[in-house]
Amino acid sequence: MNATRKALAAGLAALSLLAVSACGSDSESGSTDEVEVFTWWAEGSEKAGLDALVTVFDEQNPDLKFVNGAVAGGAGSDAKNVLQSRLQNGEPPATFQAHAGAELTDYINAGQIEDLTDLYEEKGWNEHFPEGLLERLKQDGGIYSVPSNIHRANVLWANPAVLKKAGIEADTTYDSLDAWIADLKKIKAKGIIPLSIATDWTQVHLLETVLLADLGAEAYNGLWDGTTDWGGSEVEAAIEDYSTLLSLTNTDRQGLDWPDATQLVIDGDAAYNIMGDWAEAAFQEQKKTLGTDYTAVPVPGTDGVFDFLADSFTMPVDGPNPEGTEAWLETIASDEGQVAFNKAKGSIPASTTADTADFGEYQQTAIKSWGEDEIVSSLAHGAATSVNWLTDITAAVAKFGSNNDAAELQDGLVEAAEDNKPE
Amino acid sequence: MSSTVPSAVKRPRRPKGRIGGHGWVAPVLLILPTVIVIGVFVYGLIGANINTSLQDRHTIGPSQGFAGLENYRDLFTDDDFIYSLRNLLLYTATFLVGTLCLGFLWAWLLERKSRGESLFRAIYLFPMAVSFVASGVVWRWLLNNAEGDRASGLNRLFESLHLGFLANPWWTDERWGILAIAVPAIWQLSGYVMALFLAGFRGIPEELREAARMDGASEWQLYRHVIFPQLSPVALSAIIIIGHMSLKVFDLIMAIAGQTNYTTQVPATQMWIEFTRGDYAKSAAIGTVLLVIVAILIVPYLVSTYRQERRR
């Protein structure tokens with residue numbers, strides 16, 4: 001090796017060392033005016049919502065700098081894995097997105113997020129958000145996150161033109177699932193898909209609304225605190241209804257995701273779809289009009305109940321910038337933040353004082369229900385159970401989808417409850 | 001001393017060899033970085049993984065203590081894990097038989113100097129250039145089981161060819177669904193096995209065939225006693241390569257069926273689910289079981305290659 005080559009190699013080695021140390025100092029430098037917000041909102045209406053929030057944040061905090069820590073992919077599961085490794089290595093972001101409610105259990109038990117009860121007290125948020133929501137957010141007596149938006153899970157979307165073809169009045173209302181199932185069978189007899197559905201988590205979503213419809217709000221809530229027996233005859237009857245409904249869906253469900261299932265209703269290939277109200281964005285994007293092109297009502301048997309889920313933001317323990325985190329949470333809770341974010345994302349504000357006069361037509365009905373209805377927590381979207389419990393339920397539901405064994409599904413649900421029930 | 005120093009200076013480029021007695025220093029220094037990196041990132045992490053699998057660590061919090069082999073006991077009494085092992089076995093068997101048969105058939109056809117050989121060789125090899133995820137997205141559409149007007153992909157093709165009885169639920173069937181996942185895998189890697197066999201065929205000297213023919217061997221006898229024995233090392237390599245790829249199958253299933261789909265569960269997808277929910281001990285235990293299964297396939301092969309090389 002001659003001298004120049006040697007010098008070159010040494011230089012390269014030194015440079016690479018420099019580069020390594022530079023990276024190290026970069027991540028350490030998290031200076032106090034930077035607020036890294038970790039989400040999985042990387043595209044579509046979610047990204048639009050985040051951008052709107054950032055605009056409000058910058059106005060309210062001109063001396064703080066927003067840093068986007070979004071991780072795309074896997075409907076949030078990739079982001080959650082990245083987040084977990086950062087939390088375990090003691091490098092938390094300033095704040096991260098999580099579903100409000102029981103999904104936070106694991107973070108709380110692992111001591112990874114702060115109790116915000118005092119902050120709620122101090123900022124007056126206890127009066128700012130509806131009492132029913134605060135009740136649902138409480139865990140072990142504390143509140144651990146600030147909700148940014150509310151979605152409703154128990155919404156039945158329908159295509160009036162398809163219903164007419166099957167000889168059903170578009171404005172028919174159903175008091176119970178049984179009456180509705182009878183009409184679904186009529187639709188099937190016409191060779192139309194009565195109810196569209198997609199992959200496993202949308203089946204959990206359907207099961208959740210069936211449980212809510214058959215058990216009623218009180219017994220449904222009891223499923224999560226142990227006062228309702230998963231092995232009982234009520235749940236058995238609900239599983240029977242679920243099984244009937246699943247037999248009235250499209251055969252290719254495993255290959256679809258929720259936009260495909262909703263699209264079946266938009267295109268007139270299916271009559272109904274049960275999906276959360278983020279589906280509204282799909283109808284709006286294709287310039288459909290509520291009332292004429294599609295209808296949106298509570299799932300039969302769940303009228304007067306608002307099956308909620310919410311995104312929310314947390315304060316990690318030992319975060320890099322607690323004041324910055326507090327500023328972000330304040331933006332989230334503020335009426336300006338709630339309005340800007342939810343108008344762009346298509347959801348509704350969690351706060352009762354937000355000015356919602358220029359929200360869309362569907363959103364207005366949701367806001368009205370949000371104020372009046374009884375609030376229960378969604379299973380499929382992390383409000384009702386821990387991640388572990390939901391994973392077990394999803395596995396049982398996925399298995400049922402392939403073998404149609406109702407007894408095994410109920411056993412699986414009982415087992416999941418026993419393994420995961422909060423003490 | 002004074003006389004040896006100038007002579008060394010005179011011939012600085014002379015390889016030191018065994019003269020200084022430090023001939024091992026340079027090679028050891030050269031190999032050291034690799035040893036350290038592999039030691040830490042392969043064997044160190046395998047050790048860490050086995051350690052995790054022996055802990056009572058079923059949440060994202062720290063370990064609750066040593067659990068011994070309990071995680072493994074739980075795994076092998078779990079019907080779903082047994083089902084996923086059975087799926088893996090079925091998939092591997094189908095994938096191996098499919099690629100070996102097709103690969104050999106194509107290689108045999110091309111070896112007979114058929115026309116357009118290089119064109120066919122390229123066509124058969126091309127699928128290998130596509131990633132499993134990309135081909136999975138296409139096969140997800142080809143293998144879908146929608147009915148009636150919405151039928152598409154292969155089921156649609158069968159119907160338009162009046163072969164409607166062939167239409168089936170593909171990968172959503174509880175018992176045989178996993179075999180549908182093997183179809184795209186076979187499509188992708190048969191060409192590779194063909195290339196291996198083709199190289200094997202080309203490596204057999206023409207003289208051997210001529211000699212066999214001179215001795216009056218029929219075409220079948222020629223293959224049975226001359227060609228096949230020469231091809232067996234190629235076949236073994238193919239089995240090892242395809243086999244270990246098959247045991248690690250993950251991306252293809254994620255792209256076609258998604259992670260939670262029951263009928264296509266294999267240990268790797270279960271490992272991912274358990275990891276994502278924060279059950280690190282169970283996830284690590286599944287990982288260790290997979291490693292052992294792959295080792296059962298690979299280690300005998302490595303040992304026999306090592307012996308052969310020493311014999312030379």
# chains A, B, ... in the order shown; residues from 1 in each chain; ligands from 1
call {"tool": "residues_around", "arguments": {"residues": "Ile274 in chain A", "least_positions_apart": "3", "cutoff": "9 Å", "atoms": "only C-alpha atoms", "output": "mmCIF file with C-alpha atoms, in the first residue's frame"}}
result
data_model
loop_
_atom_site.group_PDB
_atom_site.id
_atom_site.type_symbol
_atom_site.label_atom_id
_atom_site.label_comp_id
_atom_site.auth_asym_id
_atom_site.auth_seq_id
_atom_site.Cartn_x
_atom_site.Cartn_y
_atom_site.Cartn_z
ATOM 1 C CA ALA A 153 -67.857 3.671 15.071
ATOM 2 C CA ASN A 154 -71.526 2.584 14.999
ATOM 3 C CA VAL A 155 -72.547 4.070 11.662
ATOM 4 C CA LEU A 156 -74.516 2.212 9.005
ATOM 5 C CA TRP A 157 -73.879 3.482 5.477
ATOM 6 C CA ALA A 158 -76.365 2.628 2.769
ATOM 7 C CA LEU A 195 -73.613 -6.034 3.668
ATOM 8 C CA SER A 196 -70.049 -5.298 2.589
ATOM 9 C CA ILE A 197 -67.134 -6.044 4.842
ATOM 10 C CA THR A 202 -63.440 -4.654 10.119
ATOM 11 C CA HIS A 205 -65.692 -3.690 14.132
ATOM 12 C CA LEU A 206 -68.880 -5.470 13.026
ATOM 13 C CA THR A 209 -71.569 -3.040 16.885
ATOM 14 C CA THR A 262 -67.153 1.198 1.459
ATOM 15 C CA VAL A 299 -76.419 0.770 13.333
#
call {"tool": "residues_around", "arguments": {"residues": "Thr264 in chain B", "least_positions_apart": "4", "cutoff": "9 Å", "atoms": "only C-alpha atoms", "output": "VMD selection string"}}
result
chain B and resid 84 87 171 to 172 174 177 to 178 181 253 257 to 260 269
call {"tool": "write_last_selection", "arguments": {"atoms": "N, CA and C atoms", "output": "PDB file, in the first residue's frame"}}
result
ATOM      1  N   SER B  84     -49.937 -23.277  12.796  1.00  0.00           N
ATOM      2  CA  SER B  84     -49.020 -22.511  11.959  1.00  0.00           C
ATOM      3  C   SER B  84     -47.794 -23.350  11.592  1.00  0.00           C
ATOM      4  N   ASN B  87     -48.965 -25.475   8.810  1.00  0.00           N
ATOM      5  CA  ASN B  87     -49.002 -24.663   7.597  1.00  0.00           C
ATOM      6  C   ASN B  87     -47.618 -24.531   6.987  1.00  0.00           C
ATOM      7  N   TRP B 171     -56.574 -18.871  -0.807  1.00  0.00           N
ATOM      8  CA  TRP B 171     -55.891 -18.889   0.490  1.00  0.00           C
ATOM      9  C   TRP B 171     -56.809 -18.704   1.678  1.00  0.00           C
ATOM     10  N   THR B 172     -58.113 -18.581   1.459  1.00  0.00           N
ATOM     11  CA  THR B 172     -58.996 -18.430   2.611  1.00  0.00           C
ATOM     12  C   THR B 172     -59.546 -19.774   3.089  1.00  0.00           C
ATOM     13  N   GLU B 174     -59.596 -23.089   5.144  1.00  0.00           N
ATOM     14  CA  GLU B 174     -58.933 -23.340   6.424  1.00  0.00           C
ATOM     15  C   GLU B 174     -57.888 -24.442   6.314  1.00  0.00           C
ATOM     16  N   GLY B 177     -55.584 -23.644   2.471  1.00  0.00           N
ATOM     17  CA  GLY B 177     -55.341 -22.274   2.027  1.00  0.00           C
ATOM     18  C   GLY B 177     -53.868 -21.940   1.841  1.00  0.00           C
ATOM     19  N   ILE B 178     -53.031 -22.480   2.698  1.00  0.00           N
ATOM     20  CA  ILE B 178     -51.611 -22.135   2.664  1.00  0.00           C
ATOM     21  C   ILE B 178     -50.973 -22.569   1.334  1.00  0.00           C
ATOM     22  N   ILE B 181     -50.606 -19.935  -1.246  1.00  0.00           N
ATOM     23  CA  ILE B 181     -49.476 -19.020  -1.096  1.00  0.00           C
ATOM     24  C   ILE B 181     -48.239 -19.613  -1.775  1.00  0.00           C
ATOM     25  N   ILE B 253     -46.742 -13.623   2.481  1.00  0.00           N
ATOM     26  CA  ILE B 253     -48.009 -13.754   3.208  1.00  0.00           C
ATOM     27  C   ILE B 253     -48.533 -12.384   3.633  1.00  0.00           C
ATOM     28  N   ALA B 257     -52.158 -11.879   2.167  1.00  0.00           N
ATOM     29  CA  ALA B 257     -53.259 -12.122   3.098  1.00  0.00           C
ATOM     30  C   ALA B 257     -53.279 -11.172   4.284  1.00  0.00           C
ATOM     31  N   GLY B 258     -52.178 -10.457   4.550  1.00  0.00           N
ATOM     32  CA  GLY B 258     -52.150  -9.597   5.736  1.00  0.00           C
ATOM     33  C   GLY B 258     -51.764 -10.398   6.971  1.00  0.00           C
ATOM     34  N   GLN B 259     -51.425  -9.675   8.037  1.00  0.00           N
ATOM     35  CA  GLN B 259     -50.833 -10.378   9.177  1.00  0.00           C
ATOM     36  C   GLN B 259     -51.836 -11.133  10.040  1.00  0.00           C
ATOM     37  N   THR B 260     -53.083 -10.680  10.111  1.00  0.00           N
ATOM     38  CA  THR B 260     -53.989 -11.323  11.052  1.00  0.00           C
ATOM     39  C   THR B 260     -54.767 -12.482  10.438  1.00  0.00           C
ATOM     40  N   THR B 269     -45.234 -14.978  10.851  1.00  0.00           N
ATOM     41  CA  THR B 269     -46.284 -13.964  11.005  1.00  0.00           C
ATOM     42  C   THR B 269     -46.740 -13.896  12.462  1.00  0.00           C
TER      43      THR B 269
END
call {"tool": "interface_residues", "arguments": {"of": "chain B", "to": "chain A", "cutoff": "6 Å", "atoms": "only C-alpha atoms", "output": "JSON, numbers by chain"}}
result
{"B": [61, 145, 146, 174, 262, 277]}
call {"tool": "closest_residue", "arguments": {"among": "B:Val303, B:Ile286, B:Ala180, B:Leu85", "to": "Asn49 in chain B", "atoms": "only C-alpha atoms"}}
result
B:Ile286
call {"tool": "select_by_dssp", "arguments": {"residues": "range 205-421 of chain A", "states": "alpha helix (DSSP H)", "output": "VMD selection string"}}
result
chain A and resid 205 to 225 233 to 247 258 to 266 279 to 285 322 to 333 335 to 345 361 to 372 387 to 403 406 to 420
call {"tool": "write_last_selection", "arguments": {"atoms": "C-alpha atoms", "output": "compact mmCIF listing (two decimals), in the first residue's frame"}}
result
# COMPACT_ATOMS: atom_id res chain seq x y z
CA HIS A 205 -65.69 -3.69 14.13
CA LEU A 206 -68.88 -5.47 13.03
CA LEU A 207 -68.83 -7.77 16.06
CA GLU A 208 -68.48 -4.73 18.30
CA THR A 209 -71.57 -3.04 16.88
CA VAL A 210 -73.54 -6.30 17.05
CA LEU A 211 -72.60 -6.71 20.72
CA LEU A 212 -73.64 -3.12 21.35
CA ALA A 213 -76.96 -3.60 19.55
CA ASP A 214 -77.88 -6.89 21.25
CA LEU A 215 -76.57 -6.22 24.76
CA GLY A 216 -77.34 -2.51 25.07
CA ALA A 217 -74.92 0.13 26.27
CA GLU A 218 -74.78 -0.91 29.92
CA ALA A 219 -74.09 -4.60 29.37
CA TYR A 220 -71.68 -3.68 26.56
CA ASN A 221 -69.67 -1.53 28.98
CA GLY A 222 -69.80 -4.45 31.41
CA LEU A 223 -67.85 -6.58 28.93
CA TRP A 224 -64.79 -4.43 29.59
CA ASP A 225 -64.97 -4.16 33.38
CA SER A 233 -76.35 -16.52 26.74
CA GLU A 234 -76.55 -12.82 25.78
CA VAL A 235 -73.14 -12.95 24.14
CA GLU A 236 -74.04 -16.30 22.60
CA ALA A 237 -77.10 -14.75 20.96
CA ALA A 238 -75.01 -11.83 19.73
CA ILE A 239 -72.48 -14.22 18.20
CA GLU A 240 -75.35 -15.96 16.43
CA ASP A 241 -76.46 -12.63 14.94
CA TYR A 242 -72.87 -11.86 14.01
CA SER A 243 -72.58 -15.22 12.28
CA THR A 244 -75.81 -14.56 10.34
CA LEU A 245 -74.58 -11.11 9.30
CA LEU A 246 -71.21 -12.48 8.21
CA SER A 247 -73.02 -15.00 5.99
CA TRP A 258 -62.22 -0.80 4.57
CA PRO A 259 -62.04 1.63 1.60
CA ASP A 260 -62.79 -1.29 -0.75
CA ALA A 261 -65.80 -2.35 1.33
CA THR A 262 -67.15 1.20 1.46
CA GLN A 263 -66.55 1.51 -2.27
CA LEU A 264 -68.88 -1.45 -2.86
CA VAL A 265 -71.70 0.64 -1.38
CA ILE A 266 -70.68 3.76 -3.31
CA ALA A 279 -65.90 6.58 5.68
CA GLU A 280 -67.57 9.97 5.24
CA ALA A 281 -64.34 11.19 3.65
CA ALA A 282 -64.64 8.48 0.98
CA PHE A 283 -68.17 9.60 0.06
CA GLN A 284 -67.12 13.26 0.03
CA GLU A 285 -64.08 12.63 -2.16
CA PRO A 322 -41.76 19.16 28.77
CA GLU A 323 -42.68 22.82 28.16
CA GLY A 324 -42.88 22.14 24.43
CA THR A 325 -45.03 19.08 25.06
CA GLU A 326 -47.36 21.14 27.23
CA ALA A 327 -47.62 23.78 24.50
CA TRP A 328 -48.56 21.09 21.95
CA LEU A 329 -51.18 19.59 24.26
CA GLU A 330 -52.60 23.05 24.82
CA THR A 331 -52.92 23.55 21.06
CA ILE A 332 -54.66 20.16 20.81
CA ALA A 333 -57.15 21.07 23.53
CA ASP A 335 -60.94 25.28 20.30
CA GLU A 336 -58.91 26.66 17.36
CA GLY A 337 -56.81 23.49 17.24
CA GLN A 338 -59.86 21.22 17.50
CA VAL A 339 -61.73 23.05 14.75
CA ALA A 340 -58.77 23.29 12.35
CA PHE A 341 -57.80 19.65 12.76
CA ASN A 342 -61.26 18.13 12.58
CA LYS A 343 -62.45 20.16 9.64
CA ALA A 344 -59.51 18.88 7.63
CA LYS A 345 -59.69 15.28 8.88
CA GLU A 361 -73.75 17.94 6.96
CA TYR A 362 -72.85 14.49 8.27
CA GLN A 363 -70.51 16.00 10.86
CA GLN A 364 -73.36 18.18 12.13
CA THR A 365 -75.45 15.08 12.87
CA ALA A 366 -72.48 13.47 14.61
CA ILE A 367 -71.87 16.61 16.70
CA LYS A 368 -75.53 16.60 17.72
CA SER A 369 -75.38 12.95 18.79
CA TRP A 370 -72.08 13.54 20.57
CA GLY A 371 -73.80 16.11 22.75
CA GLU A 372 -76.93 14.02 23.46
CA VAL A 387 -53.66 -3.84 22.88
CA ASN A 388 -53.20 -7.38 24.20
CA TRP A 389 -56.89 -7.99 24.67
CA LEU A 390 -57.76 -6.61 21.24
CA THR A 391 -55.06 -8.78 19.62
CA ASP A 392 -56.57 -11.89 21.24
CA ILE A 393 -60.10 -10.93 20.19
CA THR A 394 -58.94 -10.22 16.64
CA ALA A 395 -57.29 -13.65 16.48
CA ALA A 396 -60.52 -15.34 17.64
CA VAL A 397 -62.60 -13.38 15.14
CA ALA A 398 -60.15 -14.12 12.31
CA LYS A 399 -60.35 -17.82 13.13
CA PHE A 400 -64.15 -17.70 13.12
CA GLY A 401 -64.01 -16.09 9.69
CA SER A 402 -62.38 -19.22 8.30
CA ASN A 403 -64.05 -22.04 10.27
CA ALA A 406 -69.54 -20.13 16.94
CA ALA A 407 -68.76 -22.14 20.09
CA GLU A 408 -65.04 -21.79 19.45
CA LEU A 409 -65.40 -18.04 18.93
CA GLN A 410 -67.17 -17.67 22.26
CA ASP A 411 -64.55 -19.81 24.02
CA GLY A 412 -61.86 -17.63 22.44
CA LEU A 413 -63.58 -14.46 23.63
CA VAL A 414 -63.99 -15.85 27.16
CA GLU A 415 -60.33 -16.85 27.24
CA ALA A 416 -59.24 -13.45 25.94
CA ALA A 417 -61.25 -11.75 28.69
CA GLU A 418 -59.80 -14.01 31.39
CA ASP A 419 -56.24 -13.36 30.24
CA ASN A 420 -56.61 -9.61 29.94
call {"tool": "atom_distance", "arguments": {"atom1": "CA of Pro92 in chain A", "atom2": "CA of Pro147 in chain A"}}
result
19.6 Å
call {"tool": "closest_residue", "arguments": {"among": "A:Glu127, A:Glu91, A:Glu169, A:Asp175", "to": "Ser351 in chain A", "atoms": "only C-alpha atoms"}}
result
A:Glu127
call {"tool": "atom_distance", "arguments": {"atom1": "CA of Val299 in chain B", "atom2": "CA of Asp79 in chain B"}}
result
28.8 Å
call {"tool": "closest_residue", "arguments": {"among": "A:Ala72, A:Val54, A:Leu83, A:Ala354", "to": "Gly278 in chain B", "atoms": "only C-alpha atoms"}}
result
A:Leu83
call {"tool": "atom_distance", "arguments": {"atom1": "CA of Ala67 in chain B", "atom2": "CA of Tyr280 in chain B"}}
result
12.8 Å
call {"tool": "residues_around", "arguments": {"residues": "Asp63 in chain A", "least_positions_apart": "3", "cutoff": "12 Å", "atoms": "only C-alpha atoms", "output": "list in words"}}
result
Thr32, Asp33, Glu34, Val35, Phe57, Asp58, Glu59, Gln60, Phe66, Glu323, Gly324 and Ala327 of chain A
call {"tool": "decode", "arguments": {"residues": "range 82-104 of chain A", "atoms": "C-alpha atoms", "output": "mmCIF file, in the first residue's frame"}}
result
data_model
loop_
_atom_site.group_PDB
_atom_site.id
_atom_site.type_symbol
_atom_site.label_atom_id
_atom_site.label_comp_id
_atom_site.auth_asym_id
_atom_site.auth_seq_id
_atom_site.Cartn_x
_atom_site.Cartn_y
_atom_site.Cartn_z
ATOM 1 C CA VAL A 82 -40.665 2.295 16.109
ATOM 2 C CA LEU A 83 -42.131 4.246 19.020
ATOM 3 C CA GLN A 84 -41.766 1.337 21.408
ATOM 4 C CA SER A 85 -38.072 0.879 20.624
ATOM 5 C CA ARG A 86 -37.501 4.599 21.181
ATOM 6 C CA LEU A 87 -39.363 4.562 24.493
ATOM 7 C CA GLN A 88 -37.415 1.510 25.671
ATOM 8 C CA ASN A 89 -34.129 3.169 24.771
ATOM 9 C CA GLY A 90 -35.056 6.279 26.725
ATOM 10 C CA GLU A 91 -35.347 8.495 23.640
ATOM 11 C CA PRO A 92 -39.022 9.483 23.671
ATOM 12 C CA PRO A 93 -40.410 12.125 21.305
ATOM 13 C CA ALA A 94 -41.908 15.243 22.877
ATOM 14 C CA THR A 95 -45.363 13.739 22.398
ATOM 15 C CA PHE A 96 -46.886 10.826 20.511
ATOM 16 C CA GLN A 97 -50.261 9.904 19.076
ATOM 17 C CA ALA A 98 -52.253 7.059 20.607
ATOM 18 C CA HIS A 99 -55.858 5.972 20.650
ATOM 19 C CA ALA A 100 -57.512 7.431 23.720
ATOM 20 C CA GLY A 101 -58.692 5.001 26.368
ATOM 21 C CA ALA A 102 -57.616 1.532 27.377
ATOM 22 C CA GLU A 103 -55.073 1.205 24.584
ATOM 23 C CA LEU A 104 -52.820 3.371 26.773
#
